[in-house]
Amino acid sequence: TGVFHMRFMEGLQDDKVRDWKTTVLRNVKRAAEITGRTFSVSYNIAGHTIDNTVLDDIKIDWMRLVDEENITQSDRYIRQGREEEEGRLLLPVLRIYGIGFKDVRVSDTSGMAELIDWFQNKAEEKYRVFLIGGVPSKWRTLVGDSREESSWKDIYDSLDGIHPWHVGRWRTIEHFDDYYSDTILPDAEYCNGKGILYI
């Protein structure tokens with residue numbers, strides 16, 4: 001068993017804020033190594049002070065975590081396989097929560113596409129990851145809580161994994177049955193057809 005450690009991007013540019021957030025991550029890493037559990041980093045790009053500049057901030061922070069904190073060198077860091085031309089690669093898992101939400105202020109699909117491509121292909125090998133998107137519940141249909149511009153479909157399709165926000169989307173068992181049939185099952189089938197991991 002393991003956890004996603006949520007690393008909130010809001011305030012991370014402040015040295016003191018970054019230091020205490022990194023201390024928490026160090027404690028997560030240490031606890032995982034002691035207990036035998038696993039962990040992975042999940043950036044959160046929601047927040048009222050966050051805008052499109054966060055896309056560059058994530059890249060800078062991830063390089064810092066890899067180079068200075070040796071985060072992906074831990075044998076308890078979660079890894080997942082991805083098919084490449086040279087074969088199946090086992091890569092560190094990274095999640096970015098907040099991709100494509102209407103109420104998240106990150107709206108630059110070109111910048112998002114560049115960040116995804118960097119993590120998957122363009123970065124030095126040590127920085128590359130299996131990238132999971134924490135996305136809206138209606139990501140596949142581009143309605144409801146999802147941004148509706150067609151360019152977001154390309155963003156969602158480019159991710160290695162999809163992890164929708166299902167919290168509060170049903171209130172009873174009957175509602176869940178409908179939600180499962182109408183949303184979760186078609187989502188899973190869509191991802192399976194695209195070779196995307198569905199969580």
# chains A, B, ... in the order shown; residues from 1 in each chain; ligands from 1

$ select_by_dssp --residues "segment 102-196 of chain A" --states "alpha helix (DSSP H)" --output "number ranges by chain"
A: 109-117, 151-158, 173-179, 185-194

$ residues_around --residues "segment 37-54 of chain A" --least-positions-apart "3" --cutoff "9 Å" --atoms "only C-alpha atoms" --output "MDAnalysis selection string"
chainID A and resid 1:11 25 28:29 31:34 57:59 71:72 75:79 92:99 101 103:108 111:112 132 134

$ closest_residue --among "A:Arg18, A:Thr183, A:Glu83, A:Asp117" --to "Trp170 of chain A" --atoms "only C-alpha atoms"
A:Thr183

$ closest_residue --among "A:Gly36, A:Trp152, A:Trp165, A:Glu68" --to "Thr22 of chain A" --atoms "only C-alpha atoms"
A:Glu68

$ atom_distance --atom1 "atom CA of Val66 of chain A" --atom2 "atom CA of Ile116 of chain A"
17.1 Å

$ residues_around --residues "Thr141 of chain A" --least-positions-apart "5" --cutoff "9 Å" --atoms "only C-alpha atoms" --output "MDAnalysis selection string"
chainID A and resid 146 148 153

$ atom_distance --atom1 "atom CA of Val135 of chain A" --atom2 "atom CA of Lys194 of chain A"
16.4 Å

$ closest_residue --among "A:Thr35, A:Asn27, A:Tyr127, A:Glu86" --to "Arg64 of chain A" --atoms "only C-alpha atoms"
A:Tyr127

$ atom_distance --atom1 "atom CA of Val17 of chain A" --atom2 "atom CA of Ser74 of chain A"
23.7 Å
